[in-house]
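Enquirer: What follows is protein_23.txt, made up of compact mmCIF, C-alpha atoms:
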```
# COMPACT_ATOMS: atom_id res chain seq x y z
CA MET A 1 -274.62 29.15 39.54
CA LYS A 2 -272.97 25.85 40.52
CA GLU A 3 -269.13 25.73 40.32
CA CYS A 4 -267.21 22.89 38.66
CA VAL A 5 -265.32 20.75 41.20
CA LEU A 6 -262.57 19.77 38.71
CA LYS A 7 -261.87 22.96 36.80
CA ASP A 8 -262.18 26.68 37.40
CA GLY A 9 -265.52 27.89 36.15
CA PRO A 10 -269.20 27.05 36.20
CA CYS A 11 -270.57 23.50 36.15
CA THR A 12 -271.60 22.41 32.66
CA ASN A 13 -273.15 19.11 33.85
CA CYS A 14 -270.58 17.15 31.77
CA GLY A 15 -270.55 14.30 34.32
CA GLU A 16 -266.74 14.03 34.43
CA CYS A 17 -266.74 14.38 38.22
CA ASP A 18 -268.94 11.26 38.52
CA LEU A 19 -266.53 8.95 36.64
CA CYS A 20 -264.43 6.22 38.27
CA ASP A 21 -260.74 7.17 38.59
CA LEU A 22 -259.68 3.61 37.66
CA ASP A 23 -262.16 2.95 34.83
CA LYS A 24 -263.31 6.09 32.98
CA THR A 25 -266.14 4.11 31.33
CA LYS A 26 -267.80 3.48 34.72
CA LYS A 27 -269.68 5.81 37.06
CA CYS A 28 -268.07 6.05 40.52
CA ASP A 29 -269.80 3.83 43.07
CA ASN A 30 -267.55 4.82 46.01
CA CYS A 31 -265.95 1.36 46.19
CA GLY A 32 -262.68 2.84 47.53
CA LYS A 33 -260.37 0.79 45.27
CA CYS A 34 -258.67 3.99 44.08
CA ILE A 35 -257.47 4.79 47.62
CA ASP A 36 -253.90 3.63 48.39
CA THR A 37 -254.21 0.47 50.51
CA ASP A 38 -250.49 0.14 51.42
CA ALA A 39 -250.75 2.93 53.98
CA ALA A 40 -250.90 2.19 57.72
CA SER A 41 -254.10 4.21 57.88
CA ARG A 42 -256.37 5.87 55.33
CA ALA A 43 -257.80 9.35 55.28
CA ILE A 44 -259.52 11.58 52.81
CA LYS A 45 -259.07 15.31 53.17
CA ILE A 46 -262.27 17.23 52.54
CA ASP A 47 -261.44 20.67 51.14
CA GLU A 48 -264.98 21.90 50.86
CA VAL A 49 -268.60 20.79 51.20
CA ILE A 50 -270.71 21.90 48.25
CA MET A 51 -274.42 22.07 48.93
CA ASP A 52 -276.53 21.47 45.84
CA LEU A 53 -279.70 23.35 46.60
```
Give the structure from this file in structure tokens form.
Expert:
Amino acid sequence: MKECVLKDGPCTNCGECDLCDLDKTKKCDNCGKCIDTDAASRAIKIDEVIMDL
């Protein structure tokens, strides 16, 4: 069973994890606008890689 990436428990296919952080009415398109641009450098920490088989 697939685990939810936002909450503890199984995935219910609600689609919440696919929404834009800046505009909840839009699906995320990985534009990067939600990442702080005032930093000297940018990095995203990857906690885990989930393989959807």
Enquirer: Using Å and a single decimal, report how far atom CA of Lys24 of chain A sits from atom CA of Lys7 of chain A.
Expert: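 Distance reported for this atom pair: 17.4 Å.
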Enquirer: Let me make sure I understand: among A:Lys27, A:Ile35, A:Leu19, A:Met51, which one has the smallest atom-to-atom distance to Leu6 of chain A if we use all atoms listed in the file?
Expert: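 The closest residue to Leu6 of chain A is A:Leu19.
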Enquirer: When you count all atoms listed in the file, which of these residues is closest to Asp21 of chain A: A:Ile50, A:Cys34, A:Met1, A:Ala43?
Expert: A:Cys34
Enquirer: Just give me the gap between atom CA of Thr25 of chain A and atom CA of Cys4 of chain A in Å, one decimal is fine.
Expert: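 Between atom CA of Thr25 of chain A and atom CA of Cys4 of chain A the gap works out to 20.2 Å.
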Enquirer: Grab the atom CA of Leu22 of chain A to atom CA of Glu3 of chain A distance for me, in Å with one decimal place.
Expert: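 Going from atom CA of Leu22 of chain A over to atom CA of Glu3 of chain A, I get 24.2 Å.
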